[in-house]
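One file, start.pdb, is given below (PDB, C-alpha atoms (C1' of nucleotides)).
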```pdb
MODEL        1
ATOM      1  CA  MET M   1      19.521  -3.685   0.823
ATOM      2  CA  ILE M   2      18.309  -2.167  -2.355
ATOM      3  CA  ARG M   3      19.887   1.227  -2.922
ATOM      4  CA  ASN M   4      18.136   2.423  -5.990
ATOM      5  CA  LEU M   5      15.533   1.683  -8.597
ATOM      6  CA  SER M   6      17.963   0.399 -11.174
ATOM      7  CA  GLU M   7      19.280  -2.168  -8.787
ATOM      8  CA  LEU M   8      15.787  -3.251  -8.006
ATOM      9  CA  PHE M   9      14.836  -3.741 -11.617
ATOM     10  CA  GLU M  10      17.962  -5.681 -12.260
ATOM     11  CA  THR M  11      17.131  -8.276  -9.696
ATOM     12  CA  GLU M  12      16.014 -11.737 -10.617
ATOM     13  CA  GLU M  13      12.533 -10.921  -9.431
ATOM     14  CA  LYS M  14      10.419 -10.458 -12.487
ATOM     15  CA  SER M  15       6.913 -10.159 -11.197
ATOM     16  CA  PHE M  16       5.428  -7.124  -9.563
ATOM     17  CA  TYR M  17       4.536  -9.420  -6.738
ATOM     18  CA  GLN M  18       8.130 -10.418  -6.060
ATOM     19  CA  ARG M  19       9.377  -6.862  -6.284
ATOM     20  CA  VAL M  20       6.800  -5.748  -3.763
ATOM     21  CA  ILE M  21       8.058  -8.391  -1.380
ATOM     22  CA  ARG M  22      11.589  -7.132  -1.811
ATOM     23  CA  ALA M  23      10.583  -3.523  -1.402
ATOM     24  CA  ILE M  24       8.758  -4.181   1.829
ATOM     25  CA  GLN M  25      11.596  -6.210   3.231
ATOM     26  CA  ASP M  26      13.760  -3.225   2.464
ATOM     27  CA  ILE M  27      11.878  -0.830   4.689
ATOM     28  CA  PRO M  28      14.284   0.036   7.510
ATOM     29  CA  LYS M  29      13.264  -0.428  11.093
ATOM     30  CA  GLY M  30      11.913   2.686  12.678
ATOM     31  CA  LYS M  31      10.556   3.933   9.362
ATOM     32  CA  VAL M  32       7.324   3.474   7.483
ATOM     33  CA  ALA M  33       6.388   3.481   3.825
ATOM     34  CA  THR M  34       3.064   4.130   2.182
ATOM     35  CA  TYR M  35       1.348   1.613  -0.040
ATOM     36  CA  GLY M  36       1.838   3.980  -2.913
ATOM     37  CA  GLN M  37       5.535   4.201  -2.244
ATOM     38  CA  VAL M  38       5.933   0.471  -2.171
ATOM     39  CA  ALA M  39       3.995   0.201  -5.397
ATOM     40  CA  LEU M  40       6.160   2.854  -6.955
ATOM     41  CA  VAL M  41       9.370   1.135  -6.005
ATOM     42  CA  ALA M  42       7.982  -2.114  -7.302
ATOM     43  CA  GLY M  43       7.454  -0.450 -10.625
ATOM     44  CA  ASN M  44       3.707   0.274 -10.625
ATOM     45  CA  PRO M  45       2.780   3.667  -9.164
ATOM     46  CA  ARG M  46      -0.878   2.816  -9.660
ATOM     47  CA  ALA M  47      -0.852  -0.539  -7.927
ATOM     48  CA  ALA M  48      -1.025   0.670  -4.363
ATOM     49  CA  ARG M  49      -4.106  -1.414  -3.758
ATOM     50  CA  GLN M  50      -2.389  -4.463  -5.014
ATOM     51  CA  VAL M  51       0.227  -4.026  -2.343
ATOM     52  CA  SER M  52      -2.343  -4.613   0.330
ATOM     53  CA  TYR M  53      -3.468  -7.713  -1.443
ATOM     54  CA  ILE M  54       0.074  -9.028  -1.489
ATOM     55  CA  LEU M  55       0.628  -8.253   2.134
ATOM     56  CA  HIS M  56      -2.490 -10.103   3.057
ATOM     57  CA  SER M  57      -1.389 -13.187   1.230
ATOM     58  CA  SER M  58       2.329 -13.270   1.940
ATOM     59  CA  THR M  59       3.050 -11.601   5.227
ATOM     60  CA  GLU M  60       3.723 -14.786   7.092
ATOM     61  CA  LYS M  61       5.306 -16.642   4.227
ATOM     62  CA  TYR M  62       8.009 -14.026   3.767
ATOM     63  CA  ALA M  63       8.089 -12.664   7.307
ATOM     64  CA  LEU M  64       7.358  -9.208   6.011
ATOM     65  CA  PRO M  65       7.502  -6.126   8.246
ATOM     66  CA  TRP M  66       3.931  -5.412   7.221
ATOM     67  CA  HIS M  67       3.390  -3.069  10.108
ATOM     68  CA  ARG M  68       5.726  -0.561   8.476
ATOM     69  CA  VAL M  69       3.303  -0.038   5.657
ATOM     70  CA  VAL M  70       0.656   2.634   6.132
ATOM     71  CA  ASN M  71      -1.609   4.664   3.880
ATOM     72  CA  SER M  72      -0.731   7.999   2.315
ATOM     73  CA  LYS M  73      -2.033   9.973   5.256
ATOM     74  CA  GLY M  74       0.247   8.233   7.684
ATOM     75  CA  ASN M  75      -2.650   6.315   9.155
ATOM     76  CA  ILE M  76      -2.968   2.653   9.855
ATOM     77  CA  SER M  77      -5.393   1.271   7.334
ATOM     78  CA  LEU M  78      -6.361  -1.774   9.286
ATOM     79  CA  LYS M  79      -9.644  -1.581  11.109
ATOM     80  CA  PRO M  80      -9.861  -1.769  14.888
ATOM     81  CA  LYS M  81      -9.882  -5.336  16.128
ATOM     82  CA  LYS M  82      -8.474  -6.445  12.801
ATOM     83  CA  GLY M  83      -4.841  -5.713  13.354
ATOM     84  CA  TYR M  84      -5.013  -1.986  13.911
ATOM     85  CA  GLU M  85      -3.980  -2.119  17.513
ATOM     86  CA  LEU M  86      -1.321  -4.695  16.872
ATOM     87  CA  GLN M  87       0.250  -2.631  14.135
ATOM     88  CA  MET M  88       0.286   0.469  16.273
ATOM     89  CA  LYS M  89       1.870  -1.493  19.059
ATOM     90  CA  LEU M  90       4.609  -2.835  16.819
ATOM     91  CA  LEU M  91       5.318   0.588  15.371
ATOM     92  CA  LYS M  92       5.523   2.252  18.744
ATOM     93  CA  LYS M  93       7.951  -0.433  19.779
ATOM     94  CA  GLU M  94      10.174   0.681  16.905
ATOM     95  CA  GLY M  95      10.016   4.273  17.981
ATOM     96  CA  ILE M  96       7.300   5.503  15.650
ATOM     97  CA  VAL M  97       5.221   8.251  17.210
ATOM     98  CA  PHE M  98       1.525   8.846  16.679
ATOM     99  CA  ASP M  99      -0.080  12.260  17.029
ATOM    100  CA  LYS M 100      -3.429  13.136  18.527
ATOM    101  CA  LYS M 101      -5.258  11.801  15.509
ATOM    102  CA  ASN M 102      -3.252   8.609  15.510
ATOM    103  CA  CYS M 103      -1.373   9.793  12.488
ATOM    104  CA  ILE M 104       2.310   9.195  11.833
ATOM    105  CA  ASP M 105       4.405  12.138  10.746
ATOM    106  CA  LEU M 106       5.583  10.929   7.386
ATOM    107  CA  LYS M 107       7.991  13.838   7.141
ATOM    108  CA  LYS M 108       9.767  12.313  10.049
ATOM    109  CA  PHE M 109       9.180   8.582   9.905
ATOM    110  CA  GLY M 110       8.282   8.047   6.289
ATOM    111  CA  LEU M 111      10.921   6.846   3.899
ATOM    112  CA  SER M 112      12.704   9.865   2.548
ATOM    113  CA  PRO M 113      12.250  10.159  -1.220
ATOM    114  CA  ASN M 114      15.895   9.272  -1.500
ATOM    115  CA  SER M 115      15.786   6.062   0.434
ATOM    116  CA  PHE M 116      14.932   4.211  -2.725
ATOM    117  CA  ASN M 117      16.087   6.933  -5.024
ATOM    118  CA  ILE M 118      18.814   6.829  -7.575
ATOM    119  CA  GLN M 119      20.700   9.852  -6.320
ATOM    120  CA  ASP M 120      22.173   8.331  -3.206
TER     121      ASP M 120
ATOM    122  C1'  DC U   1     -10.572 -15.303 -20.959
ATOM    123  C1'  DT U   2     -13.665 -12.997 -17.390
ATOM    124  C1'  DC U   3     -14.661 -11.771 -12.715
ATOM    125  C1'  DG U   4     -14.082 -10.775  -7.804
ATOM    126  C1'  DT U   5     -11.151  -8.891  -4.394
ATOM    127  C1'  DG U   6      -9.126  -5.332  -1.635
ATOM    128  C1'  DA U   7      -4.673  -3.129   4.783
ATOM    129  C1'  DC U   8      -5.128   2.467  -1.666
ATOM    130  C1'  DT U   9      -5.365   7.279  -3.834
ATOM    131  C1'  DC U  10      -6.838  11.173  -5.868
ATOM    132  C1'  DC U  11     -10.352  14.603  -6.657
ATOM    133  C1'  DC U  12     -14.530  17.399  -5.562
ATOM    134  C1'  DG U  13     -18.186  19.516  -3.352
TER     135       DG U  13
ATOM    136  C1'  DT O   1     -11.778  19.437   7.375
ATOM    137  C1'  DC O   2     -14.452  15.323   5.845
ATOM    138  C1'  DG O   3     -16.932  11.922   3.192
ATOM    139  C1'  DG O   4     -18.264   9.870  -1.047
ATOM    140  C1'  DG O   5     -17.224   8.236  -5.643
ATOM    141  C1'  DA O   6     -14.476   6.645  -9.378
ATOM    142  C1'  DG O   7     -10.067   4.946 -11.040
ATOM    143  C1'  DC O   8      -6.532   1.362 -10.897
ATOM    144  C1'  DC O   9      -4.263  -3.319 -11.008
ATOM    145  C1'  DA O  10      -2.009  -8.017 -10.105
ATOM    146  C1'  DC O  11      -3.352 -12.474  -8.877
ATOM    147  C1'  DG O  12      -6.123 -16.542  -8.185
ATOM    148  C1'  DA O  13     -10.401 -19.215  -9.227
TER     149       DA O  13
ENDMDL
END
```
Target encoding structure tokens, full file:
Amino acid sequence: MIRNLSELFETEEKSFYQRVIRAIQDIPKGKVATYGQVALVAGNPRAARQVSYILHSSTEKYALPWHRVVNSKGNISLKPKKGYELQMKLLKKEGIVFDKKNCIDLKKFGLSPNSFNIQD
DNA sequence: CTCGTGACTCCCG
DNA sequence: TCGGGAGCCACGA
């Protein structure tokens, strides 16, 4: 479990790609992280899009909890019939709650800013 | 080296 | 509130 940014940067993983993998694996069950957050933790605040690319190509290979990654609004970015329903199902199973608009309350289920933060 | 590819975000009207 | 448009970026071909 990565506790802070320093620890993350000190890992063997050198590429953004590898760090993203680590970051995602570090998302605790019952919580969700946004693409932007993952990108931030991986060291590139602007590479949110890249995170999706990585997920798409390595989800199975690294057994990533991909369903815990949602967009900044707390929505599932996948399109219906393309994983959307599956993701929602998996999240609900972990206790995540969706509101009327199928949004997740990030205040409640999103990673707190300190989860990956330096000030434990 | 250049180009295509996104499960993203931010900003504006 | 909601939708469109532009910015952004690593990785593979």
>> Using all atoms listed in the file and a cut-off of 12 Å, which residues of chain M sit close to chain U? Please list them as a PyMOL selection string.
In response: chain M and resi 34-39+45-57+59+66-73+75-80+82-84+87
Let me know the residues the PyMOL selection byres ((chain O) within 12 of (chain M)) catches in the file above, as a CSV table (one decimal) with C-alpha atoms (C1' of nucleotides), keeping the file's coordinate frame.
```
chain,number,residue,atom,x,y,z
O,7,DG,C1',-10.1,4.9,-11.0
O,8,DC,C1',-6.5,1.4,-10.9
O,9,DC,C1',-4.3,-3.3,-11.0
O,10,DA,C1',-2.0,-8.0,-10.1
O,11,DC,C1',-3.4,-12.5,-8.9
O,12,DG,C1',-6.1,-16.5,-8.2
```
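What separates atom C1' of DA6 of chain O from atom CA of Ile21 of chain M is a distance of 28.2 Å.
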>> Using all atoms listed in the file, can you tell me which of M:Lys29, M:Arg22, M:Lys93, M:Lys81 comes closest to Tyr62 of chain M?
In response: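 Once distances to Tyr62 of chain M are computed over all atoms listed in the file, the minimum belongs to M:Arg22.
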The centre and edge lengths of an axis-aligned box containing all atoms of chain O present in the file, extended by 5 Å on each side, are to be given in Å to one decimal, as AutoDock Vina command-line options.
```
--center_x -10.1 --center_y 0.1 --center_z -1.8 --size_x 26.3 --size_y 48.7 --size_z 28.4
```
> With all atoms listed in the file as the atoms that count, which of M:Leu91, M:Ile96, M:Leu111, M:Cys103 lies nearest to Pro65 of chain M?
Replying inline: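 Ranking M:Leu91, M:Ile96, M:Leu111, M:Cys103 by distance to Pro65 of chain M, first place goes to M:Leu91.
For the pair atom CA of Ala23 of chain M and atom CA of Lys61 of chain M, the interatomic distance is 15.2 Å.
Taking atom C1' of DG3 of chain O and atom CA of Val32 of chain M as endpoints, the distance between them is 26.0 Å.
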